[in-house]
file run.cif (mmCIF, C-alpha atoms)
data_work
#
loop_
_atom_site.label_atom_id
_atom_site.label_comp_id
_atom_site.auth_asym_id
_atom_site.auth_seq_id
_atom_site.Cartn_x
_atom_site.Cartn_y
_atom_site.Cartn_z
CA MET S 426 9.20 15.30 22.86
CA ASP S 427 6.22 15.08 25.28
CA LYS S 428 6.92 12.85 28.32
CA ARG S 429 3.52 11.17 27.92
CA TRP S 430 4.55 10.26 24.37
CA LEU S 431 7.75 8.63 25.60
CA ALA S 432 5.87 6.83 28.32
CA GLY S 433 3.40 5.46 25.81
CA LEU S 434 6.21 4.14 23.63
CA ALA S 435 7.95 2.62 26.60
CA VAL S 436 4.84 0.78 27.77
CA ALA S 437 4.34 -0.71 24.36
CA GLY S 438 8.08 -1.96 24.30
CA ALA S 439 -14.98 -10.16 4.10
CA ALA S 440 -15.80 -12.50 2.66
CA GLY S 441 -18.93 -12.43 0.34
CA TYR S 442 -20.66 -13.96 -2.67
CA ALA S 443 -20.96 -12.76 -6.29
CA GLY S 444 -21.17 -15.90 -8.37
CA VAL S 445 -17.88 -16.71 -6.56
CA ALA S 446 -17.61 -17.31 -2.82
CA LEU S 447 -14.45 -16.83 -0.79
CA ARG S 448 -14.13 -18.44 2.61
CA SER S 449 -11.38 -18.34 5.24
CA ARG S 450 -11.90 -20.62 8.20
CA LEU S 451 -10.87 -18.86 11.38
CA LYS S 452 -9.67 -22.07 13.06
CA GLN S 453 -7.79 -23.18 9.95
CA ALA S 454 -6.79 -19.87 8.40
CA ASP S 455 -3.90 -21.37 6.48
CA GLU S 456 -6.16 -22.14 3.52
CA TYR S 457 -8.52 -20.26 1.23
CA HIS S 458 -10.98 -21.86 -1.14
CA LEU S 459 -12.45 -20.45 -4.32
CA ASP S 460 -15.96 -21.89 -4.48
CA GLY S 461 -17.30 -21.55 -7.99
CA GLU S 462 -16.04 -21.11 -11.52
CA ALA S 463 -12.73 -19.26 -11.78
CA LEU S 464 -13.02 -15.74 -13.18
CA HIS S 465 -10.74 -13.80 -15.46
CA VAL S 466 -9.49 -10.48 -14.11
CA GLY S 467 -10.37 -8.76 -17.40
CA GLU S 468 -14.04 -9.73 -17.24
CA PRO S 469 -16.94 -7.78 -15.68
CA GLY S 470 -17.63 -10.76 -13.43
CA PHE S 471 -14.30 -10.31 -11.67
CA LEU S 472 -15.12 -6.68 -10.93
CA ARG S 473 -18.52 -7.69 -9.55
CA ALA S 474 -16.85 -10.23 -7.28
CA ALA S 475 -14.23 -7.70 -6.14
CA GLU S 476 -16.93 -5.12 -5.45
CA THR S 477 -19.02 -7.56 -3.46
CA LEU S 478 -16.12 -8.95 -1.44
CA THR S 479 -14.73 -5.57 -0.47
CA GLY S 480 -17.73 -3.24 -0.49
CA ALA S 481 -15.65 -0.84 -2.62
CA PRO S 482 -17.64 0.53 -5.57
CA ILE S 483 -16.36 0.26 -9.13
CA SER S 484 -16.17 3.59 -10.95
CA THR S 485 -15.50 4.60 -14.54
CA GLY S 486 -14.52 7.87 -16.19
CA ASN S 487 -11.19 8.19 -14.40
CA GLU S 488 -7.72 9.24 -15.50
CA ILE S 489 -4.53 7.76 -14.04
CA GLU S 490 -0.82 8.59 -14.09
CA LEU S 491 1.86 6.11 -13.06
CA LEU S 492 4.68 7.85 -11.19
CA ILE S 493 8.00 6.12 -10.53
CA ASN S 494 10.40 7.44 -7.86
CA GLY S 495 10.68 10.81 -6.20
CA ASP S 496 11.87 12.78 -9.23
CA ARG S 497 8.42 12.25 -10.77
CA ILE S 498 6.30 11.70 -7.69
CA PHE S 499 7.10 14.82 -5.67
CA PRO S 500 6.64 17.35 -8.51
CA ALA S 501 3.18 15.83 -9.05
CA PHE S 502 2.59 15.89 -5.29
CA LEU S 503 3.45 19.58 -4.99
CA ASP S 504 1.50 20.37 -8.17
CA THR S 505 -1.58 18.67 -6.72
CA ILE S 506 -1.29 20.76 -3.57
CA ALA S 507 -0.81 23.96 -5.55
CA GLY S 508 -3.89 23.24 -7.67
CA ALA S 509 -6.32 22.92 -4.75
CA GLU S 510 -9.04 25.57 -4.67
CA HIS S 511 -11.22 24.51 -1.75
CA THR S 512 -9.87 21.59 0.33
CA LEU S 513 -6.72 19.54 0.84
CA ASN S 514 -6.56 16.28 2.78
CA LEU S 515 -3.33 14.45 3.52
CA VAL S 516 -2.82 11.28 5.53
CA THR S 517 0.59 9.65 5.76
CA TYR S 518 2.35 7.02 7.78
CA VAL S 519 5.78 8.53 7.12
CA TYR S 520 6.70 12.20 7.42
CA TRP S 521 10.34 12.43 8.42
CA ARG S 522 13.09 14.88 7.51
CA GLY S 523 14.92 16.40 4.55
CA ASP S 524 14.32 19.25 2.13
CA ILE S 525 11.17 17.64 0.74
CA ALA S 526 9.63 17.59 4.22
CA GLY S 527 10.04 21.36 4.38
CA GLU S 528 8.79 21.87 0.81
CA VAL S 529 5.59 19.94 1.47
CA ALA S 530 4.99 21.79 4.74
CA SER S 531 5.51 25.17 3.05
CA ALA S 532 3.16 24.24 0.21
CA LEU S 533 0.44 23.20 2.68
CA CYS S 534 0.95 26.37 4.69
CA ALA S 535 0.62 28.54 1.59
CA LYS S 536 -2.77 27.02 0.78
CA ALA S 537 -3.99 27.36 4.36
CA THR S 538 -2.92 31.03 4.37
CA ASP S 539 -4.98 31.50 1.19
CA GLY S 540 -8.07 30.34 3.07
CA ILE S 541 -8.22 26.75 1.82
CA ARG S 542 -9.14 24.15 4.43
CA VAL S 543 -6.08 21.93 4.86
CA ASN S 544 -6.39 18.76 6.94
CA VAL S 545 -3.25 16.75 7.73
CA LEU S 546 -3.39 13.43 9.57
CA LEU S 547 -0.07 11.98 10.73
CA ASP S 548 0.28 8.48 12.10
CA ALA S 549 1.65 9.04 15.57
CA VAL S 550 4.17 6.20 15.44
CA GLY S 551 5.22 6.40 11.81
CA THR S 552 5.88 10.15 11.97
CA ALA S 553 7.70 10.12 15.32
CA ARG S 554 10.91 11.24 13.53
CA MET S 555 9.26 14.34 12.09
CA ASP S 556 10.81 17.72 12.88
CA ASN S 557 8.52 19.41 15.42
CA ALA S 558 9.36 22.77 13.84
CA LEU S 559 7.39 21.71 10.77
CA LEU S 560 4.37 20.93 12.94
CA ASP S 561 4.59 24.36 14.54
CA GLN S 562 4.93 25.99 11.11
CA MET S 563 1.81 24.29 9.78
CA GLN S 564 -0.26 24.97 12.87
CA ARG S 565 0.66 28.65 12.85
CA ALA S 566 -0.43 28.89 9.20
CA GLY S 567 -3.82 27.40 9.99
CA VAL S 568 -3.28 23.83 8.83
CA ASN S 569 -5.41 21.37 10.83
CA VAL S 570 -2.75 18.90 11.97
CA VAL S 571 -3.77 15.85 13.97
CA ARG S 572 -1.79 12.86 15.27
CA PHE S 573 -3.48 9.51 14.63
CA ARG S 574 -3.65 7.12 17.59
CA PRO S 575 -0.92 8.59 19.78
CA PRO S 576 0.49 6.00 22.21
CA ARG S 577 -1.39 5.82 25.52
CA SER S 578 -0.46 3.73 28.52
CA TYR S 579 -4.10 2.62 28.84
CA ALA S 580 -4.35 1.53 25.17
CA VAL S 581 -1.20 -0.48 24.58
CA ARG S 582 -2.92 -3.04 22.32
CA ARG S 583 -3.85 -0.28 19.90
CA LEU S 584 -0.21 0.66 19.37
CA THR S 585 0.28 -2.02 16.71
CA HIS S 586 -2.76 -0.83 14.72
CA ARG S 587 -1.53 2.10 12.62
CA THR S 588 -2.77 3.95 9.60
CA HIS S 589 -0.28 2.96 6.93
CA ARG S 590 -2.17 4.89 4.24
CA ARG S 591 -0.46 7.54 2.09
CA ILE S 592 -3.18 9.64 0.46
CA LEU S 593 -3.41 13.20 -0.83
CA ILE S 594 -6.70 14.64 -2.13
CA ALA S 595 -7.32 18.09 -3.63
CA ASP S 596 -10.94 19.32 -3.82
CA GLY S 597 -12.19 15.74 -3.92
CA ARG S 598 -11.23 15.69 -7.62
CA VAL S 599 -7.54 14.79 -7.73
CA GLY S 600 -5.98 12.10 -5.58
CA MET S 601 -2.61 10.44 -5.07
CA THR S 602 -1.69 7.20 -3.36
CA GLY S 603 1.07 4.60 -3.32
CA GLY S 604 4.05 3.71 -1.21
CA VAL S 605 5.88 7.02 -0.90
CA GLY S 606 6.55 8.70 2.42
CA ILE S 607 7.51 12.34 2.85
CA ALA S 608 11.22 12.11 3.57
CA GLU S 609 14.62 12.48 1.96
CA GLU S 610 14.82 8.74 1.34
CA TRP S 611 12.09 8.96 -1.30
CA THR S 612 13.63 11.79 -3.33
CA GLY S 613 15.73 11.28 -6.44
CA ASP S 614 15.48 8.39 -8.88
CA ALA S 615 16.66 5.33 -6.94
CA HIS S 616 20.16 6.28 -8.09
CA ASP S 617 21.99 5.19 -4.94
CA PRO S 618 21.30 3.35 -1.66
CA ASP S 619 20.20 6.57 0.05
CA HIS S 620 17.34 7.16 -2.41
CA TRP S 621 14.62 4.53 -2.52
CA ARG S 622 12.70 2.89 -5.34
CA ASP S 623 8.91 3.41 -5.06
CA THR S 624 5.68 3.67 -7.03
CA HIS S 625 2.81 6.13 -6.74
CA VAL S 626 -0.22 7.09 -8.83
CA ARG S 627 -2.28 10.22 -9.42
CA VAL S 628 -5.93 9.87 -10.38
CA ARG S 629 -8.73 12.19 -11.43
CA GLY S 630 -12.41 11.33 -11.48
CA PRO S 631 -15.02 9.61 -9.32
CA VAL S 632 -12.55 7.03 -7.99
CA VAL S 633 -11.11 9.87 -5.89
CA ARG S 634 -14.17 9.44 -3.66
CA GLY S 635 -12.68 6.15 -2.56
CA LEU S 636 -9.47 7.88 -1.53
CA GLN S 637 -11.52 10.57 0.20
CA GLY S 638 -13.42 7.87 2.06
CA ALA S 639 -10.17 6.31 3.30
CA PHE S 640 -9.03 9.69 4.60
CA ALA S 641 -12.43 10.56 6.07
CA GLU S 642 -12.57 7.27 7.95
CA ASN S 643 -9.28 7.96 9.76
CA TRP S 644 -10.11 11.67 10.20
CA LEU S 645 -13.44 10.85 11.85
CA GLU S 646 -11.75 8.57 14.36
CA ALA S 647 -9.06 11.12 15.16
CA THR S 648 -11.23 14.27 15.34
CA GLY S 649 -14.93 13.35 15.39
CA ASP S 650 -15.42 15.51 12.29
CA VAL S 651 -17.48 14.23 9.36
CA LEU S 652 -16.28 15.55 6.00
CA ALA S 653 -19.16 16.29 3.65
CA GLY S 654 -20.35 18.77 1.04
CA PRO S 655 -19.25 19.59 -2.53
CA ASP S 656 -15.86 20.92 -1.49
CA TYR S 657 -14.97 17.39 -0.39
CA LEU S 658 -17.35 15.33 -2.54
CA PRO S 659 -18.00 17.08 -5.87
CA GLU S 660 -20.13 15.75 -8.71
CA PHE S 661 -18.47 14.19 -11.74
CA ARG S 662 -19.52 13.93 -15.34
CA SER S 663 -19.75 10.43 -16.75
CA GLY S 664 -17.09 9.23 -19.14
CA ASP S 665 -15.05 6.23 -20.25
CA GLY S 666 -11.68 7.24 -18.80
CA GLY S 667 -8.80 4.88 -18.11
CA GLY S 668 -10.73 1.74 -17.25
CA PRO S 669 -12.83 0.62 -14.27
CA MET S 670 -11.22 1.41 -10.93
CA GLN S 671 -11.88 0.99 -7.23
CA VAL S 672 -10.16 1.99 -4.00
CA VAL S 673 -10.08 -0.91 -1.56
CA ARG S 674 -9.36 -0.09 2.04
CA SER S 675 -9.06 -2.28 5.08
CA ALA S 676 -8.49 -2.00 8.81
CA ALA S 677 -7.66 -4.25 11.73
CA GLY S 678 -10.51 -6.50 12.78
CA VAL S 679 -11.66 -10.07 13.21
CA GLY S 680 -11.47 -12.41 10.23
CA ASP S 681 -10.45 -11.50 6.70
CA THR S 682 -9.86 -7.90 5.72
CA ASN S 683 -11.05 -6.48 2.41
CA VAL S 684 -7.55 -6.29 0.95
CA GLU S 685 -6.75 -9.84 2.02
CA ALA S 686 -9.89 -11.16 0.35
CA LEU S 687 -9.28 -9.13 -2.81
CA TYR S 688 -5.69 -10.29 -3.20
CA PHE S 689 -6.65 -13.92 -2.82
CA LEU S 690 -9.39 -13.49 -5.42
CA ALA S 691 -6.86 -11.94 -7.83
CA LEU S 692 -4.30 -14.70 -7.25
CA ALA S 693 -6.91 -17.42 -7.65
CA SER S 694 -8.16 -15.82 -10.88
CA ALA S 695 -4.74 -15.47 -12.56
CA ARG S 696 -4.43 -17.44 -15.80
CA GLY S 697 -1.29 -16.24 -17.55
CA THR S 698 0.96 -13.89 -15.58
CA LEU S 699 1.30 -12.57 -12.06
CA ASP S 700 3.89 -9.93 -11.14
CA LEU S 701 4.16 -8.95 -7.47
CA THR S 702 6.42 -6.20 -6.17
CA ALA S 703 6.54 -6.08 -2.38
CA GLY S 704 8.57 -3.77 -0.19
CA TYR S 705 7.96 -6.10 2.75
CA PHE S 706 7.32 -9.70 1.76
CA VAL S 707 6.36 -12.04 4.60
CA PRO S 708 3.44 -14.05 3.20
CA ARG S 709 1.57 -16.32 5.54
CA VAL S 710 0.90 -19.93 4.60
CA ALA S 711 -2.41 -19.22 2.85
CA PHE S 712 -0.76 -16.85 0.38
CA VAL S 713 2.28 -19.04 -0.17
CA ARG S 714 -0.20 -21.73 -1.21
CA ALA S 715 -2.15 -19.30 -3.39
CA LEU S 716 1.02 -18.27 -5.23
CA CYS S 717 2.05 -21.90 -5.63
CA ASP S 718 -1.40 -22.90 -6.86
CA ALA S 719 -1.13 -20.23 -9.54
CA ALA S 720 2.31 -21.45 -10.59
CA ARG S 721 1.09 -25.04 -10.78
CA ARG S 722 -1.78 -23.90 -13.03
CA GLY S 723 0.85 -22.68 -15.47
CA VAL S 724 0.78 -19.02 -14.45
CA ARG S 725 4.14 -17.26 -14.74
CA VAL S 726 4.52 -16.00 -11.17
CA ARG S 727 7.28 -13.45 -10.56
CA VAL S 728 8.02 -11.86 -7.19
CA LEU S 729 10.30 -8.85 -6.72
CA VAL S 730 11.44 -7.97 -3.19
CA PRO S 731 14.18 -5.89 -1.52
CA GLY S 732 17.78 -7.05 -1.64
CA PRO S 733 20.76 -6.03 0.49
CA HIS S 734 19.58 -2.44 0.98
CA VAL S 735 16.66 -2.76 3.34
CA ASP S 736 15.49 -0.73 6.33
CA LYS S 737 14.18 -3.75 8.27
CA GLU S 738 16.56 -6.65 7.83
CA PHE S 739 14.62 -8.89 10.21
CA VAL S 740 11.55 -8.62 7.96
CA ARG S 741 13.63 -9.59 4.93
CA VAL S 742 15.04 -12.62 6.75
CA ALA S 743 11.58 -13.71 7.92
CA GLY S 744 10.27 -13.43 4.37
CA ARG S 745 13.16 -15.49 3.04
CA SER S 746 11.91 -18.41 5.12
CA THR S 747 9.16 -18.84 2.50
CA TYR S 748 11.52 -18.90 -0.51
CA ALA S 749 12.10 -22.66 -0.52
CA ASP S 750 8.40 -23.52 -0.78
CA LEU S 751 7.81 -20.87 -3.43
CA LEU S 752 10.82 -21.78 -5.56
CA ASP S 753 10.01 -25.49 -5.41
CA CYS S 754 6.55 -24.91 -6.86
CA GLY S 755 7.79 -22.75 -9.72
CA VAL S 756 7.54 -19.18 -8.41
CA ARG S 757 10.47 -17.03 -9.53
CA ILE S 758 11.97 -14.60 -7.02
CA TRP S 759 14.24 -11.61 -7.55
CA GLU S 760 15.88 -9.32 -4.96
CA TYR S 761 16.39 -5.71 -6.02
CA GLN S 762 20.04 -4.66 -5.70
CA PRO S 763 20.60 -0.88 -6.19
CA THR S 764 18.68 0.51 -3.18
CA MET S 765 15.71 -0.09 -0.89
CA LEU S 766 12.71 -1.33 -2.88
CA HIS S 767 9.59 0.09 -1.22
CA ALA S 768 6.96 -0.28 -3.97
CA LYS S 769 3.75 -2.28 -3.47
CA THR S 770 2.19 -3.37 -6.76
CA LEU S 771 0.40 -6.38 -8.19
CA CYS S 772 -0.29 -6.98 -11.88
CA VAL S 773 -2.33 -9.97 -13.07
CA ASP S 774 -2.70 -11.21 -16.66
CA GLY S 775 -1.65 -7.87 -18.09
CA VAL S 776 -5.02 -6.30 -17.38
CA TRP S 777 -5.74 -5.93 -13.64
CA SER S 778 -3.43 -4.04 -11.29
CA SER S 779 -3.16 -2.78 -7.73
CA VAL S 780 -0.98 0.10 -6.48
CA GLY S 781 -1.10 1.38 -2.93
CA SER S 782 0.29 1.11 0.58
CA VAL S 783 -0.36 -2.62 1.05
CA ASN S 784 2.62 -4.85 1.73
CA PHE S 785 2.39 -8.59 1.23
CA ASP S 786 2.50 -9.39 4.93
CA ASN S 787 0.25 -9.94 7.91
CA ARG S 788 0.74 -6.38 9.20
CA SER S 789 -0.80 -4.90 6.07
CA PHE S 790 -3.48 -7.56 5.75
CA ARG S 791 -4.58 -7.73 9.39
CA LEU S 792 -3.13 -4.96 11.57
CA ASN S 793 -2.77 -1.66 9.71
CA ASP S 794 -5.29 0.61 8.02
CA GLU S 795 -4.43 0.37 4.32
CA ALA S 796 -5.67 1.52 0.93
CA THR S 797 -4.91 0.38 -2.59
CA LEU S 798 -6.08 1.55 -6.00
CA CYS S 799 -7.22 -1.24 -8.33
CA VAL S 800 -7.39 -0.74 -12.08
CA GLN S 801 -8.75 -2.94 -14.87
CA SER S 802 -6.82 -1.59 -17.85
CA ASP S 803 -4.40 -3.30 -20.21
CA ALA S 804 -2.74 0.06 -20.95
CA PHE S 805 -1.99 0.74 -17.27
CA ALA S 806 -0.98 -2.87 -16.66
CA ALA S 807 1.46 -2.59 -19.57
CA GLN S 808 3.13 0.38 -17.87
CA LEU S 809 3.51 -1.58 -14.63
CA THR S 810 4.86 -4.58 -16.52
CA GLU S 811 7.42 -2.42 -18.32
CA GLN S 812 8.58 -1.07 -14.97
CA PHE S 813 8.77 -4.59 -13.52
CA GLU S 814 10.99 -5.63 -16.44
CA ARG S 815 13.26 -2.64 -15.85
CA ASP S 816 13.50 -3.47 -12.16
CA ILE S 817 14.47 -7.13 -12.57
CA VAL S 818 17.35 -6.08 -14.83
CA HIS S 819 18.82 -4.57 -11.66
CA SER S 820 17.90 -7.53 -9.47
CA GLU S 821 19.33 -10.90 -8.56
CA GLU S 822 17.26 -14.02 -9.19
CA PHE S 823 17.41 -16.98 -6.84
CA PRO S 824 17.32 -20.36 -8.64
CA PRO S 825 16.07 -23.25 -6.45
CA GLU S 826 19.36 -25.15 -6.53
CA ARG S 827 21.27 -22.18 -5.19
CA TRP S 828 18.76 -21.44 -2.46
CA HIS S 829 18.77 -25.00 -1.15
CA THR S 830 22.55 -24.88 -0.62
CA ARG S 831 22.51 -21.81 1.64
CA PRO S 832 24.31 -22.10 5.01
CA LEU S 833 22.64 -23.82 7.95
CA ARG S 834 23.09 -20.72 10.10
CA GLN S 835 21.06 -18.69 7.61
CA ARG S 836 18.31 -21.31 7.59
CA ALA S 837 18.13 -21.31 11.38
CA HIS S 838 17.84 -17.52 11.47
CA GLU S 839 15.02 -17.61 8.92
CA GLN S 840 13.08 -20.23 10.82
CA LEU S 841 13.46 -18.35 14.09
CA LEU S 842 12.07 -15.14 12.60
CA ARG S 843 9.32 -17.08 10.85
CA LEU S 844 7.71 -17.45 14.27
CA THR S 845 7.07 -13.70 14.24
CA HIS S 846 5.16 -13.67 10.93
CA ARG S 847 1.88 -12.61 12.48
CA GLN S 848 3.39 -9.35 13.78
CA LEU S 849 5.38 -8.47 10.61
#

call {"tool": "encode", "arguments": {"input": "run.cif", "output": "structure tokens"}}
result
Amino acid sequence: MDKRWLAGLAVAGAAGYAGVALRSRLKQADEYHLDGEALHVGEPGFLRAAETLTGAPISTGNEIELLINGDRIFPAFLDTIAGAEHTLNLVTYVYWRGDIAGEVASALCAKATDGIRVNVLLDAVGTARMDNALLDQMQRAGVNVVRFRPPRSYAVRRLTHRTHRRILIADGRVGMTGGVGIAEEWTGDAHDPDHWRDTHVRVRGPVVRGLQGAFAENWLEATGDVLAGPDYLPEFRSGDGGGPMQVVRSAAGVGDTNVEALYFLALASARGTLDLTAGYFVPRVAFVRALCDAARRGVRVRVLVPGPHVDKEFVRVAGRSTYADLLDCGVRIWEYQPTMLHAKTLCVDGVWSSVGSVNFDNRSFRLNDEATLCVQSDAFAAQLTEQFERDIVHSEEFPPERWHTRPLRQRAHEQLLRLTHRQL
């Protein structure tokens, strides 16, 4: 590993208006307020509000596939690569080791050798465990491989701002996104603690432009290259497709991010059901209150988070410090037992859903570059709900009375880590 790389690591140690206004006060950011008549997530007005808040256009005429766990995700991933005829763009936060890491590299190399332009953007911190031999293999084959924001001693503050996006686009027509990283941990079918539970989607149609935009934004910063032309941005025929969709992306900045604003709008608009699956669940006070407000309105609020098999135990403990408040107001919480739960999904009222790289924590909302696909479709929401039901069968629920009798030592640990919420 480059000595400058090690040195860098060592040194480190939207709001808007659309008939509904959303406001977060910077000096009192523990509260959000929905100013105006509450919307329903299945109505056109909700989509107009979401579009205005985030700047992400709504598109129709798309197709979507829900993919659960590596046994279904990676065949689709490799198939998408193999089907590219002009361009391939891949950005990922995680590219580690294992057979799948080699398979993906070989597939990308094969397309580059065939003369297809292949652009690969790797977050410099998230992919630090990647085998350098794979990098050499791709570069020799003509793949354009770039590290995103490598650590620099003169830019220590930037080290915490990563691209957490996981996006693959072929010819600007087919796109994939979700929570999956390229590593052995994501292979299989969540059948044991070494193989993780995750959710991904594959889409076709004009919504892919949103995924392309998320990639192009990071690629421009890393290389100075602007991606344009029909090979990246083809025309699409109009059609009905699988329901209105949008890709919402956000990045570190001052004030509310697009994803943060969107999620609050969705929570505030919930009327019947709200199912949240979060690989890393450390909600700040504003979102604890938003979840509780929904529960008090009579919304069935269910939260599914990792259980004993977790890669960052300190994040789990910090998130548990919010359980008491949530349970007391009627939110139900389950911890997934078989393996690491890494999925990031939200489903509201059985009609509006979000699947992407966004965790329910301050790091995703305020520090990282993120992207999530949002879908207004009762058919797609039904698939997510069915998966949620399957997952909670293998999970442990925490009733309020049991949680309030936990040991004092555990409570003290939770409260100590709660102080770190803004960096988690």

call {"tool": "axis_aligned_box", "arguments": {"input": "run.cif", "around": "segment 756-773 of chain S", "padding_each_side": "3 Å", "output": "lines of an AutoDock Vina configuration file"}}
result
center_x = 9.1
center_y = -9.3
center_z = -7.0
size_x = 28.9
size_y = 25.7
size_z = 18.2

call {"tool": "atom_distance", "arguments": {"input": "run.cif", "atom1": "atom CA of Gly613 of chain S", "atom2": "atom CA of Ile493 of chain S"}}
result
10.2 Å

call {"tool": "atom_distance", "arguments": {"input": "run.cif", "atom1": "atom CA of Arg827 of chain S", "atom2": "atom CA of Arg722 of chain S"}}
result
24.4 Å

call {"tool": "residues_near_point", "arguments": {"input": "run.cif", "point": "(5.0, 7.3, 13.1)", "cutoff": "12 Å", "atoms": "only C-alpha atoms", "output": "PyMOL selection string"}}
result
chain S and resi 430+434+516-521+546-556+572-576+584-590+606-607

call {"tool": "closest_residue", "arguments": {"input": "run.cif", "among": "S:Leu771, S:Leu515, S:Ala653, S:Val673", "to": "Thr479 of chain S", "atoms": "all atoms listed in the file"}}
result
S:Val673

call {"tool": "residues_around", "arguments": {"input": "run.cif", "residues": "Ala677 of chain S", "least_positions_apart": "5", "cutoff": "7 Å", "atoms": "only C-alpha atoms", "output": "ChimeraX atom specification"}}
result
/S:586,791-794

call {"tool": "write_last_selection", "arguments": {"input": "run.cif", "atoms": "C-alpha atoms", "output": "short mmCIF file (atom, residue, chain, number, x, y, z; two decimals), in the frame of the given file"}}
result
data_model
loop_
_atom_site.label_atom_id
_atom_site.label_comp_id
_atom_site.auth_asym_id
_atom_site.auth_seq_id
_atom_site.Cartn_x
_atom_site.Cartn_y
_atom_site.Cartn_z
CA HIS S 586 -2.76 -0.83 14.72
CA ARG S 791 -4.58 -7.73 9.39
CA LEU S 792 -3.13 -4.96 11.57
CA ASN S 793 -2.77 -1.66 9.71
CA ASP S 794 -5.29 0.61 8.02
#

call {"tool": "closest_residue", "arguments": {"input": "run.cif", "among": "S:Val599, S:Leu701, S:Val633, S:Val545", "to": "Val773 of chain S", "atoms": "only C-alpha atoms"}}
result
S:Leu701

call {"tool": "residues_around", "arguments": {"input": "run.cif", "residues": "segment 464-469 of chain S", "least_positions_apart": "4", "cutoff": "9 Å", "atoms": "all atoms listed in the file", "output": "JSON, numbers by chain"}}
result
{"S": [445, 473, 474, 690, 691, 693, 694, 695, 696, 773, 774, 775, 776, 777, 801, 802, 803]}

call {"tool": "resolve_selection", "arguments": {"input": "run.cif", "expression": "the PyMOL selection byres ((chain S and resi 560-571) around 8)", "output": "NGL selection string"}}
result
:S and (530-531 or 533-535 or 537-538 or 542-547 or 556-559 or 572-573 or 647-648)

call {"tool": "write_last_selection", "arguments": {"input": "run.cif", "atoms": "C-alpha atoms", "output": "mmCIF file, in the coordinates of the input"}}
result
data_model
loop_
_atom_site.group_PDB
_atom_site.id
_atom_site.type_symbol
_atom_site.label_atom_id
_atom_site.label_comp_id
_atom_site.auth_asym_id
_atom_site.auth_seq_id
_atom_site.Cartn_x
_atom_site.Cartn_y
_atom_site.Cartn_z
ATOM 1 C CA ALA S 530 4.990 21.790 4.740
ATOM 2 C CA SER S 531 5.510 25.170 3.050
ATOM 3 C CA LEU S 533 0.440 23.200 2.680
ATOM 4 C CA CYS S 534 0.950 26.370 4.690
ATOM 5 C CA ALA S 535 0.620 28.540 1.590
ATOM 6 C CA ALA S 537 -3.990 27.360 4.360
ATOM 7 C CA THR S 538 -2.920 31.030 4.370
ATOM 8 C CA ARG S 542 -9.140 24.150 4.430
ATOM 9 C CA VAL S 543 -6.080 21.930 4.860
ATOM 10 C CA ASN S 544 -6.390 18.760 6.940
ATOM 11 C CA VAL S 545 -3.250 16.750 7.730
ATOM 12 C CA LEU S 546 -3.390 13.430 9.570
ATOM 13 C CA LEU S 547 -0.070 11.980 10.730
ATOM 14 C CA ASP S 556 10.810 17.720 12.880
ATOM 15 C CA ASN S 557 8.520 19.410 15.420
ATOM 16 C CA ALA S 558 9.360 22.770 13.840
ATOM 17 C CA LEU S 559 7.390 21.710 10.770
ATOM 18 C CA ARG S 572 -1.790 12.860 15.270
ATOM 19 C CA PHE S 573 -3.480 9.510 14.630
ATOM 20 C CA ALA S 647 -9.060 11.120 15.160
ATOM 21 C CA THR S 648 -11.230 14.270 15.340
#

call {"tool": "residues_near_point", "arguments": {"input": "run.cif", "point": "(6.4, -1.7, -3.7)", "cutoff": "6 Å", "atoms": "only C-alpha atoms", "output": "list in words"}}
result
Asp623, Thr702, Ala703, Gly704, His767, Ala768, Lys769 and Thr770 of chain S
